[in-house]
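Below is the file entry.txt, which contains compact mmCIF, C-alpha atoms.
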# COMPACT_ATOMS: atom_id res chain seq x y z
CA MET A 788 0.00 0.00 0.00
CA SER A 789 1.37 3.41 -0.95
CA GLY A 790 0.68 6.66 0.90
CA VAL A 791 -1.71 7.36 3.74
CA GLY A 792 -4.96 7.42 1.79
CA LEU A 793 -8.33 6.60 3.32
CA ARG A 794 -8.68 5.22 6.85
CA LEU A 795 -11.76 3.87 8.58
CA ASP A 796 -11.09 3.67 12.31
CA CYS A 797 -13.56 1.47 14.24
CA ILE A 798 -16.65 2.83 12.44
CA SER A 799 -20.00 1.28 13.32
CA ARG A 800 -23.65 1.81 12.45
CA GLN A 801 -26.65 0.40 14.32
CA PHE A 802 -29.91 -0.15 12.42
CA SER A 803 -31.78 -2.49 14.76
CA GLU A 804 -31.08 -4.99 17.52
CA THR A 805 -30.10 -7.58 14.92
CA THR A 806 -28.64 -5.42 12.11
CA ARG A 807 -25.35 -3.68 12.74
CA ILE A 808 -22.14 -2.60 11.05
CA GLY A 809 -19.60 -3.25 13.77
CA GLN A 810 -16.19 -1.73 14.50
CA ILE A 811 -14.76 -1.73 10.97
CA THR A 812 -11.14 -0.67 10.64
CA LEU A 813 -9.75 -0.48 7.13
CA ASP A 814 -7.02 1.38 5.23
CA VAL A 815 -7.04 2.08 1.50
CA GLY A 816 -3.75 3.54 0.32
CA SER A 817 -3.20 6.13 -2.39
CA GLY A 818 -3.57 4.42 -5.77
CA GLU A 819 -4.70 1.19 -4.10
CA ILE A 820 -7.86 -0.75 -4.90
CA VAL A 821 -9.46 -2.51 -1.95
CA ALA A 822 -12.47 -4.68 -2.71
CA LEU A 823 -15.23 -5.03 -0.14
CA THR A 824 -17.06 -8.30 -0.69
CA GLY A 825 -19.59 -10.39 1.19
CA PRO A 826 -23.18 -11.65 1.00
CA SER A 827 -25.99 -9.24 0.14
CA GLY A 828 -27.24 -7.29 3.15
CA THR A 829 -24.00 -7.50 5.10
CA GLY A 830 -23.23 -3.77 4.99
CA LYS A 831 -21.07 -3.07 1.93
CA THR A 832 -23.23 -0.21 0.64
CA THR A 833 -23.59 1.24 4.13
CA VAL A 834 -19.80 1.48 4.44
CA CYS A 835 -19.70 3.39 1.13
CA ARG A 836 -22.48 5.71 2.27
CA MET A 837 -20.67 6.48 5.54
CA ILE A 838 -17.49 7.36 3.65
CA SER A 839 -19.44 9.62 1.27
CA GLY A 840 -21.26 11.36 4.12
CA LEU A 841 -24.75 10.22 3.13
CA GLU A 842 -24.86 8.37 6.46
CA ARG A 843 -22.99 9.10 9.65
CA PRO A 844 -21.26 6.39 11.66
CA ASP A 845 -22.46 5.99 15.24
CA THR A 846 -18.87 5.52 16.41
CA GLY A 847 -15.40 5.79 14.94
CA HIS A 848 -13.65 8.18 12.59
CA ILE A 849 -12.95 8.49 8.86
CA THR A 850 -9.80 10.27 7.70
CA LEU A 851 -8.18 11.02 4.35
CA ASN A 852 -4.41 11.55 4.27
CA GLY A 853 -4.46 12.04 8.02
CA GLU A 854 -7.18 14.72 8.03
CA ALA A 855 -10.72 14.24 9.33
CA LEU A 856 -13.14 13.49 6.50
CA ASP A 857 -16.26 12.75 8.55
CA VAL A 858 -16.58 16.35 9.76
CA LEU A 859 -16.96 17.66 6.21
CA PRO A 860 -20.35 18.07 4.51
CA VAL A 861 -21.05 15.78 1.57
CA GLN A 862 -20.41 18.42 -1.09
CA LYS A 863 -16.91 19.18 0.23
CA ARG A 864 -15.60 15.61 0.38
CA CYS A 865 -14.72 15.47 -3.34
CA ILE A 866 -15.80 11.82 -3.59
CA ALA A 867 -16.73 10.07 -6.82
CA TYR A 868 -19.49 7.63 -5.87
CA MET A 869 -21.04 5.17 -8.28
CA PHE A 870 -24.34 4.15 -6.73
CA GLU A 871 -25.61 0.58 -6.91
CA SER A 872 -28.96 2.08 -7.98
CA TYR A 873 -27.15 4.22 -10.66
CA ALA A 874 -29.03 7.41 -9.55
CA LEU A 875 -29.07 8.89 -13.05
CA TYR A 876 -30.87 12.17 -13.72
CA PRO A 877 -33.95 11.13 -15.74
CA HIS A 878 -34.30 14.50 -17.53
CA LEU A 879 -30.70 14.56 -18.77
CA SER A 880 -29.22 12.70 -21.72
CA VAL A 881 -26.42 10.15 -21.37
CA LEU A 882 -23.85 12.79 -22.36
CA GLN A 883 -25.26 15.31 -19.89
CA ASN A 884 -25.37 12.75 -17.06
CA ILE A 885 -21.73 11.82 -17.53
CA ALA A 886 -20.54 15.43 -17.83
CA PHE A 887 -22.63 16.65 -14.89
CA PRO A 888 -19.95 16.25 -12.15
CA LEU A 889 -17.47 18.25 -14.22
CA ARG A 890 -19.66 21.30 -13.78
CA ALA A 891 -20.13 21.04 -10.02
CA PRO A 892 -19.35 24.32 -8.17
CA ASN A 893 -16.49 22.88 -6.09
CA ARG A 894 -14.73 21.04 -8.93
CA LYS A 895 -11.97 22.23 -11.22
CA LYS A 896 -13.40 23.39 -14.55
CA LEU A 897 -12.02 21.94 -17.77
CA PRO A 898 -11.99 23.71 -21.14
CA LEU A 899 -15.04 22.59 -23.11
CA HIS A 900 -13.02 20.69 -25.73
CA GLU A 901 -11.18 18.73 -22.99
CA GLU A 902 -14.44 17.96 -21.22
CA LYS A 903 -16.02 16.62 -24.42
CA ALA A 904 -12.94 14.53 -25.24
CA LEU A 905 -12.83 13.03 -21.75
CA VAL A 906 -16.52 12.13 -21.81
CA ARG A 907 -16.31 10.67 -25.30
CA ASP A 908 -13.24 8.56 -24.45
CA LEU A 909 -15.00 7.01 -21.48
CA MET A 910 -18.13 6.34 -23.49
CA GLU A 911 -16.08 4.60 -26.19
CA ILE A 912 -14.41 2.34 -23.63
CA ALA A 913 -17.77 1.54 -22.01
CA GLN A 914 -19.26 0.88 -25.47
CA ILE A 915 -22.05 3.45 -25.08
CA ALA A 916 -20.80 6.13 -27.51
CA HIS A 917 -23.88 5.59 -29.69
CA LEU A 918 -26.23 6.34 -26.78
CA GLY A 919 -25.19 9.94 -26.08
CA ASP A 920 -28.54 11.58 -26.84
CA ARG A 921 -30.75 9.03 -25.09
CA LYS A 922 -32.43 9.62 -21.74
CA PRO A 923 -32.08 7.01 -18.95
CA GLY A 924 -35.65 5.84 -19.47
CA ALA A 925 -34.67 4.50 -22.91
CA LEU A 926 -31.72 2.47 -21.62
CA SER A 927 -31.38 -1.13 -20.45
CA GLY A 928 -30.09 -1.92 -16.96
CA GLY A 929 -26.60 -2.70 -18.25
CA GLN A 930 -26.49 0.53 -20.26
CA LYS A 931 -27.56 2.55 -17.23
CA GLN A 932 -24.83 0.89 -15.20
CA ARG A 933 -22.19 1.91 -17.74
CA VAL A 934 -23.46 5.50 -17.77
CA ALA A 935 -23.21 5.61 -13.98
CA LEU A 936 -19.70 4.13 -14.17
CA CYS A 937 -18.57 6.76 -16.68
CA ARG A 938 -20.11 9.55 -14.59
CA CYS A 939 -18.07 8.35 -11.63
CA LEU A 940 -14.75 7.81 -13.42
CA VAL A 941 -14.89 11.11 -15.31
CA GLN A 942 -14.18 12.92 -12.04
CA ASP A 943 -10.89 14.11 -10.56
CA ALA A 944 -11.80 12.89 -7.07
CA SER A 945 -10.07 12.35 -3.75
CA ILE A 946 -11.73 8.92 -3.32
CA PHE A 947 -13.54 6.59 -5.70
CA LEU A 948 -16.40 4.45 -4.36
CA LEU A 949 -17.62 1.85 -6.85
CA ASP A 950 -20.71 0.03 -5.58
CA GLU A 951 -21.28 -3.02 -7.83
CA PRO A 952 -19.95 -1.19 -10.91
CA ILE A 953 -20.18 -4.06 -13.43
CA SER A 954 -22.64 -6.54 -11.89
CA HIS A 955 -25.31 -6.26 -14.62
CA LEU A 956 -23.06 -6.56 -17.66
CA ASP A 957 -22.56 -9.61 -19.86
CA ALA A 958 -19.54 -11.77 -19.05
CA LYS A 959 -17.34 -10.61 -21.95
CA LEU A 960 -17.85 -6.90 -21.30
CA ARG A 961 -17.53 -7.41 -17.55
CA ASN A 962 -14.12 -9.03 -18.03
CA GLU A 963 -12.96 -6.26 -20.37
CA LEU A 964 -14.09 -3.42 -18.13
CA ARG A 965 -12.78 -4.76 -14.84
CA GLY A 966 -9.29 -5.05 -16.34
CA TRP A 967 -9.49 -1.55 -17.79
CA ILE A 968 -10.84 -0.03 -14.56
CA ARG A 969 -8.07 -1.68 -12.55
CA ARG A 970 -5.34 -0.36 -14.87
CA ARG A 971 -6.86 3.12 -14.78
CA GLN A 972 -7.39 3.38 -11.02
CA THR A 973 -3.95 2.11 -10.01
CA LYS A 974 -2.39 4.98 -11.99
CA LEU A 975 -4.23 7.56 -9.87
CA SER A 976 -3.26 8.95 -6.47
CA ALA A 977 -6.79 8.53 -5.10
CA PRO A 978 -7.78 5.36 -3.19
CA THR A 979 -10.55 3.17 -4.65
CA LEU A 980 -13.04 1.08 -2.69
CA TRP A 981 -14.79 -1.49 -4.93
CA SER A 982 -17.90 -3.12 -3.43
CA THR A 983 -19.25 -6.36 -4.89
CA PRO A 984 -21.05 -9.52 -3.70
CA ASP A 985 -19.03 -11.48 -6.29
CA ALA A 986 -15.95 -12.65 -4.40
CA MET A 987 -14.18 -13.82 -7.58
CA GLU A 988 -14.63 -10.34 -9.07
CA ALA A 989 -13.12 -8.90 -5.91
CA LEU A 990 -10.09 -11.18 -6.19
CA SER A 991 -9.56 -10.23 -9.85
CA VAL A 992 -9.55 -6.44 -9.44
CA ALA A 993 -8.19 -5.64 -5.99
CA ASP A 994 -4.78 -5.24 -4.40
CA ARG A 995 -6.38 -6.37 -1.15
CA VAL A 996 -9.79 -7.80 -0.31
CA ALA A 997 -11.91 -7.25 2.81
CA VAL A 998 -14.52 -9.96 3.33
CA LEU A 999 -17.51 -8.52 5.19
CA ILE A 1000 -19.75 -11.06 6.93
CA GLY A 1001 -22.42 -10.17 9.48
CA GLY A 1002 -21.39 -6.50 9.48
CA LYS A 1003 -17.77 -7.26 10.41
CA ILE A 1004 -14.57 -7.88 8.49
CA ALA A 1005 -14.01 -11.63 8.64
CA GLN A 1006 -10.72 -11.44 6.73
CA LEU A 1007 -8.53 -8.81 5.12
CA GLY A 1008 -5.70 -9.86 2.85
CA THR A 1009 -4.31 -10.20 -0.63
CA PRO A 1010 -6.36 -12.11 -3.21
CA GLU A 1011 -3.97 -15.05 -2.82
CA GLU A 1012 -4.42 -15.11 0.96
CA ILE A 1013 -8.20 -14.93 0.72
CA TYR A 1014 -8.37 -17.71 -1.87
CA PHE A 1015 -5.78 -20.17 -0.58
CA LYS A 1016 -5.94 -19.46 3.15
CA PRO A 1017 -9.51 -18.46 4.11
CA ALA A 1018 -9.70 -17.41 7.76
CA THR A 1019 -13.09 -19.03 8.45
CA THR A 1020 -15.46 -21.54 6.89
CA ASP A 1021 -17.77 -18.62 6.00
CA VAL A 1022 -15.00 -17.05 3.91
CA ALA A 1023 -14.20 -20.45 2.38
CA ARG A 1024 -17.84 -20.88 1.30
CA LEU A 1025 -17.99 -17.39 -0.19
CA VAL A 1026 -14.81 -17.47 -2.25
CA GLY A 1027 -14.33 -19.68 -5.29
CA ASP A 1028 -16.30 -20.95 -8.26
CA PRO A 1029 -17.12 -23.57 -7.11
CA SER A 1030 -16.36 -22.77 -3.49
CA MET A 1031 -14.06 -24.79 -1.26
CA ASN A 1032 -15.09 -28.32 -0.30
CA LEU A 1033 -15.62 -28.60 3.46
CA ILE A 1034 -15.55 -32.07 5.02
CA GLU A 1035 -16.25 -32.64 8.72
CA GLY A 1036 -14.15 -35.22 10.54
CA LYS A 1037 -11.68 -35.71 13.37
CA LEU A 1038 -7.96 -36.00 13.98
CA SER A 1039 -6.12 -39.26 14.51
CA ASP A 1040 -2.60 -39.63 15.94
CA VAL A 1041 -0.96 -42.90 14.98
CA GLY A 1042 2.71 -43.20 15.88
CA GLY A 1043 3.11 -39.42 15.94
CA GLN A 1044 1.54 -38.98 12.49
CA ILE A 1045 -1.51 -36.70 12.57
CA SER A 1046 -4.20 -37.51 10.02
CA PHE A 1047 -7.62 -36.16 9.19
CA ILE A 1048 -10.20 -38.94 9.34
CA ALA A 1049 -13.77 -38.89 8.01
CA ASN A 1050 -16.09 -41.66 6.92
CA GLY A 1051 -14.36 -43.08 3.86
CA ILE A 1052 -11.42 -40.67 3.72
CA SER A 1053 -8.02 -40.30 5.38
CA VAL A 1054 -5.48 -37.55 4.74
CA ARG A 1055 -2.12 -37.37 6.50
CA LEU A 1056 -1.47 -33.74 7.43
CA PRO A 1057 1.77 -31.93 6.56
CA GLN A 1058 4.10 -31.52 9.52
CA GLU A 1059 3.62 -27.74 9.73
CA LEU A 1060 -0.19 -28.06 9.77
CA ALA A 1061 -0.10 -31.03 12.15
CA ALA A 1062 1.91 -28.96 14.64
CA ARG A 1063 -0.89 -26.40 14.80
CA THR A 1064 -3.61 -28.94 15.62
CA SER A 1065 -2.86 -28.56 19.34
CA LYS A 1066 -4.97 -25.38 19.12
CA VAL A 1067 -8.14 -27.32 18.26
CA ARG A 1068 -10.79 -26.75 20.95
CA GLY A 1069 -13.05 -29.75 20.41
CA PRO A 1070 -13.12 -33.23 18.89
CA LYS A 1071 -14.26 -32.10 15.44
CA VAL A 1072 -12.30 -30.46 12.65
CA ILE A 1073 -13.20 -29.44 9.08
CA LEU A 1074 -10.97 -30.17 6.12
CA GLY A 1075 -11.02 -27.61 3.32
CA ILE A 1076 -9.88 -28.44 -0.21
CA ARG A 1077 -10.38 -26.45 -3.41
CA PRO A 1078 -12.24 -28.32 -6.20
CA SER A 1079 -9.25 -27.80 -8.51
CA ALA A 1080 -6.98 -29.50 -5.96
CA VAL A 1081 -8.97 -32.75 -5.91
CA ALA A 1082 -7.42 -35.18 -8.39
CA LEU A 1083 -9.15 -38.06 -10.11
CA GLY A 1084 -7.61 -41.43 -9.41
CA GLY A 1085 -5.84 -42.57 -6.27
CA ALA A 1086 -7.06 -44.20 -3.10
CA ASP A 1087 -7.92 -41.39 -0.69
CA ALA A 1088 -11.69 -41.74 -1.17
CA ARG A 1089 -14.38 -43.23 -3.40
CA LEU A 1090 -17.25 -40.96 -4.42
CA ARG A 1091 -20.58 -41.35 -6.19
CA VAL A 1092 -21.28 -38.90 -9.04
CA TYR A 1093 -24.65 -37.12 -9.00
CA SER A 1094 -24.07 -34.59 -11.80
CA TRP A 1095 -21.48 -33.56 -14.38
CA GLU A 1096 -21.12 -30.07 -15.87
CA PRO A 1097 -18.91 -29.64 -18.95
CA PHE A 1098 -17.72 -26.05 -19.53
CA GLY A 1099 -15.29 -26.51 -22.43
CA ARG A 1100 -11.97 -25.66 -20.78
CA HIS A 1101 -12.90 -27.58 -17.64
CA SER A 1102 -15.60 -29.76 -16.14
CA ILE A 1103 -17.25 -29.76 -12.73
CA ILE A 1104 -18.00 -33.16 -11.22
CA ASN A 1105 -20.51 -33.04 -8.37
CA ALA A 1106 -20.20 -36.13 -6.22
CA ARG A 1107 -20.89 -37.33 -2.70
CA LEU A 1108 -18.85 -38.90 0.05
CA ASP A 1109 -21.81 -40.49 1.87
CA GLU A 1110 -23.93 -37.34 2.46
CA THR A 1111 -21.07 -34.85 2.07
CA PRO A 1112 -21.06 -33.07 -1.33
CA ILE A 1113 -17.65 -32.79 -2.99
CA ARG A 1114 -16.98 -30.82 -6.16
CA ILE A 1115 -14.08 -31.55 -8.49
CA LYS A 1116 -12.82 -29.10 -11.12
CA THR A 1117 -10.94 -31.00 -13.79
CA PRO A 1118 -9.77 -30.61 -17.40
CA PRO A 1119 -12.12 -32.23 -19.93
CA GLN A 1120 -11.56 -36.00 -19.92
CA GLY A 1121 -14.72 -37.75 -20.97
CA ARG A 1122 -18.23 -38.01 -19.67
CA PHE A 1123 -19.24 -38.86 -16.10
CA ASP A 1124 -22.60 -40.51 -15.52
CA VAL A 1125 -24.99 -40.27 -12.58
CA ASP A 1126 -24.20 -42.91 -9.91
CA GLN A 1127 -20.79 -43.62 -11.45
CA MET A 1128 -18.20 -44.38 -8.78
CA ILE A 1129 -14.92 -42.46 -8.98
CA ASP A 1130 -11.70 -42.57 -6.96
CA ILE A 1131 -9.95 -39.40 -5.88
CA SER A 1132 -6.71 -38.33 -4.26
CA ILE A 1133 -6.04 -35.25 -2.13
CA GLU A 1134 -2.62 -33.66 -1.97
CA PRO A 1135 -2.01 -32.85 1.75
CA ALA A 1136 -0.08 -29.67 0.87
CA ASN A 1137 -3.28 -28.20 -0.63
CA VAL A 1138 -5.59 -28.63 2.36
CA VAL A 1139 -6.78 -26.09 4.93
CA LEU A 1140 -7.96 -27.18 8.36
CA PHE A 1141 -10.64 -25.43 10.42
CA ASP A 1142 -11.55 -25.83 14.08
CA GLY A 1143 -14.94 -27.56 14.21
CA THR A 1144 -16.02 -25.43 17.17
CA THR A 1145 -14.85 -21.90 16.23
CA ARG A 1146 -14.98 -22.51 12.43
CA LYS A 1147 -11.68 -20.61 12.20
CA SER A 1148 -8.62 -21.82 10.32
CA ILE A 1149 -5.94 -23.58 12.30

Mind converting the file's structure to structure tokens?
Amino acid sequence: MSGVGLRLDCISRQFSETTRIGQITLDVGSGEIVALTGPSGTGKTTVCRMISGLERPDTGHITLNGEALDVLPVQKRCIAYMFESYALYPHLSVLQNIAFPLRAPNRKKLPLHEEKALVRDLMEIAQIAHLGDRKPGALSGGQKQRVALCRCLVQDASIFLLDEPISHLDAKLRNELRGWIRRRQTKLSAPTLWSTPDAMEALSVADRVAVLIGGKIAQLGTPEEIYFKPATTDVARLVGDPSMNLIEGKLSDVGGQISFIANGISVRLPQELAARTSKVRGPKVILGIRPSAVALGGADARLRVYSWEPFGRHSIINARLDETPIRIKTPPQGRFDVDQMIDISIEPANVVLFDGTTRKSI
């Protein structure tokens, strides 16, 4: 992370006895993209609204480059906010909506030819250059989303808040735009907070990812840390396509060798992981293994196939170990039929172990 940037210091927001944003501390450095991901309703948009000033935190402080941001009125925070709802002006055309922030009283004015060129360049990249004269009521949801994205990115802002900026676009355009947005934002001095319920999108665009579950940050780390070393079973379930396989079992110590044992499966743990099992609080543990790390063939377990999904470059085999579902992501290698029995092997170096009581990684 470079520079001081944006800092959230123990901010919280209470909505009801059961709904709360609790004690969130987060830094977003200058030129850094931090993705905020988590299930719908867990508080991602509320965090953005508190930073923008549309809502006030009940506790905590928000600073930018070491100076208090939360004491400033909304119009003086110089924040570019792309709303999840788009919030387009219905009486303005696409061109006028995008250019609108450039004419705000507290923003630096550009010469008209520079303003037009900037707006047109963004529209070309977002593939909406042909829609300039249309009003929002004549646009599709994906087109509205791209207008809102351009209106946000056209600004010379102190902070960029992108709330689900590409969620309603087709897969090809979504992939193109997220790469372009990342390249653009990392060249700026302003911090960027990218909010999305799609954890894989978060991993693909961010320098660091904050996983928000139940109004709290369950894990903050690099995309690699979040994917390969999830801090809790909740994070493990959220991240991945398909998500991590979680198998409940227990530990067995035979002659000083610690193994994970479940009905029909046995995996000897690596020495480093085995040494940490002394921290386990109860008799149960949960083995985590990514679908791509489960190999066909071997003698670690025998599974029964209940569906097969071919996707061209890879296939997903959905199988069961007794009543435990296990997904396998494998290169194309023939068809798998319902009720077919398959053998698998699990490389111990690829497993993650969770405490069965706390559901936290060991």

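You can rank A:Ala977, A:Val1072, A:Ile1045, A:Leu1083 by their closest distance to Pro1135 of chain A using only C-alpha atoms, and at the top of that list sits A:Ile1045.
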
Can you work out the spacing between atom CA of Thr850 of chain A and atom CA of Arg836 of chain A in Å, to one decimal?
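For atom CA of Thr850 of chain A relative to atom CA of Arg836 of chain A, the distance reads 14.5 Å.
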
Find the spatial neighbours of Ile915 of chain A, counting all atoms listed in the file, within a cut-off of 10 Å - ignore same-chain residues fewer than 2 positions away - and output them as a PDB file with C-alpha atoms, keeping the file's coordinate frame.
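The resulting part.pdb:
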ATOM      1  CA  VAL A 881     -26.420  10.150 -21.370  1.00  0.00           C
ATOM      2  CA  LEU A 882     -23.850  12.790 -22.360  1.00  0.00           C
ATOM      3  CA  ARG A 907     -16.310  10.670 -25.300  1.00  0.00           C
ATOM      4  CA  LEU A 909     -15.000   7.010 -21.480  1.00  0.00           C
ATOM      5  CA  MET A 910     -18.130   6.340 -23.490  1.00  0.00           C
ATOM      6  CA  GLU A 911     -16.080   4.600 -26.190  1.00  0.00           C
ATOM      7  CA  ILE A 912     -14.410   2.340 -23.630  1.00  0.00           C
ATOM      8  CA  ALA A 913     -17.770   1.540 -22.010  1.00  0.00           C
ATOM      9  CA  HIS A 917     -23.880   5.590 -29.690  1.00  0.00           C
ATOM     10  CA  LEU A 918     -26.230   6.340 -26.780  1.00  0.00           C
ATOM     11  CA  GLY A 919     -25.190   9.940 -26.080  1.00  0.00           C
ATOM     12  CA  GLN A 930     -26.490   0.530 -20.260  1.00  0.00           C
ATOM     13  CA  LYS A 931     -27.560   2.550 -17.230  1.00  0.00           C
ATOM     14  CA  ARG A 933     -22.190   1.910 -17.740  1.00  0.00           C
ATOM     15  CA  VAL A 934     -23.460   5.500 -17.770  1.00  0.00           C
ATOM     16  CA  CYS A 937     -18.570   6.760 -16.680  1.00  0.00           C
TER      17      CYS A 937
END

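Near segment 1143-1145 of chain A, within 9 Å and counting only C-alpha atoms, sit A:Thr1019, A:Glu1035, A:Gly1036, A:Lys1037, A:Val1067, A:Arg1068, A:Gly1069, A:Pro1070, A:Lys1071, A:Val1072, A:Ile1073, A:Phe1141, A:Lys1147, A:Ser1148, not including residues fewer than 2 positions from it in the same chain.
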
Contacts of segment 1076-1078 of chain A at 9 Å (only C-alpha atoms; same-chain gap of 3+ positions) as a PyMOL selection string
chain A and resi 1015+1027-1034+1081-1082+1103+1113-1117+1133+1137-1140

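Nearest-residue note for Gly1001 of chain A: choosing from A:Ala986, A:Ala867, A:Ala1106, A:Ile811, the minimum distance belongs to A:Ile811, counting all atoms listed in the file.
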
From the options A:Thr983, A:Cys939, A:Gln862, A:Ile946, which residue's atoms come nearest to Asn893 of chain A, counting only C-alpha atoms?
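Closest candidate: A:Gln862.
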
Go through A:Ser1039, A:Ser827, A:Ser1132, A:Gln883 and flag the residue nearest Val998 of chain A, using all atoms listed in the file for the distances.
A:Ser827

Find, counting all atoms listed in the file, the residue in A:Pro877, A:Pro978, A:Gly928, A:Gly1008 that gets nearest to His955 of chain A.
A:Gly928

Fix up segment 991-1009 of chain A with N, CA and C atoms, then write it as a tab-separated table (two decimals), keeping the file's coordinate frame.
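Listing of rebuild.tsv after writing:
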chain	number	residue	atom	x	y	z
A	991	SER	N	-10.16	-10.54	-8.55
A	991	SER	CA	-9.56	-10.23	-9.85
A	991	SER	C	-9.19	-8.76	-10.00
A	992	VAL	N	-9.79	-7.87	-9.21
A	992	VAL	CA	-9.55	-6.44	-9.44
A	992	VAL	C	-8.75	-5.77	-8.34
A	993	ALA	N	-8.68	-6.37	-7.16
A	993	ALA	CA	-8.19	-5.64	-5.99
A	993	ALA	C	-6.73	-5.97	-5.64
A	994	ASP	N	-6.08	-4.99	-5.01
A	994	ASP	CA	-4.78	-5.24	-4.40
A	994	ASP	C	-4.96	-6.00	-3.09
A	995	ARG	N	-6.01	-5.64	-2.36
A	995	ARG	CA	-6.38	-6.37	-1.15
A	995	ARG	C	-7.91	-6.51	-1.12
A	996	VAL	N	-8.36	-7.51	-0.39
A	996	VAL	CA	-9.79	-7.80	-0.31
A	996	VAL	C	-10.20	-7.85	1.16
A	997	ALA	N	-11.31	-7.17	1.48
A	997	ALA	CA	-11.91	-7.25	2.81
A	997	ALA	C	-13.22	-8.02	2.68
A	998	VAL	N	-13.32	-9.14	3.37
A	998	VAL	CA	-14.52	-9.96	3.33
A	998	VAL	C	-15.41	-9.56	4.50
A	999	LEU	N	-16.59	-9.03	4.18
A	999	LEU	CA	-17.51	-8.52	5.19
A	999	LEU	C	-18.62	-9.54	5.40
A	1000	ILE	N	-18.72	-10.07	6.59
A	1000	ILE	CA	-19.75	-11.06	6.93
A	1000	ILE	C	-20.39	-10.65	8.26
A	1001	GLY	N	-21.72	-10.54	8.25
A	1001	GLY	CA	-22.42	-10.17	9.48
A	1001	GLY	C	-22.06	-8.79	9.99
A	1002	GLY	N	-21.71	-7.87	9.07
A	1002	GLY	CA	-21.39	-6.50	9.48
A	1002	GLY	C	-19.99	-6.32	10.01
A	1003	LYS	N	-19.14	-7.36	9.93
A	1003	LYS	CA	-17.77	-7.26	10.41
A	1003	LYS	C	-16.82	-7.82	9.36
A	1004	ILE	N	-15.57	-7.36	9.41
A	1004	ILE	CA	-14.57	-7.88	8.49
A	1004	ILE	C	-14.09	-9.22	9.01
A	1005	ALA	N	-14.42	-10.28	8.26
A	1005	ALA	CA	-14.01	-11.63	8.64
A	1005	ALA	C	-12.58	-11.91	8.25
A	1006	GLN	N	-12.11	-11.26	7.17
A	1006	GLN	CA	-10.72	-11.44	6.73
A	1006	GLN	C	-10.33	-10.29	5.83
A	1007	LEU	N	-9.10	-9.85	5.97
A	1007	LEU	CA	-8.53	-8.81	5.12
A	1007	LEU	C	-7.17	-9.31	4.65
A	1008	GLY	N	-6.98	-9.36	3.35
A	1008	GLY	CA	-5.70	-9.86	2.85
A	1008	GLY	C	-5.59	-9.71	1.36
A	1009	THR	N	-4.50	-10.20	0.81
A	1009	THR	CA	-4.31	-10.20	-0.63
A	1009	THR	C	-5.26	-11.22	-1.25
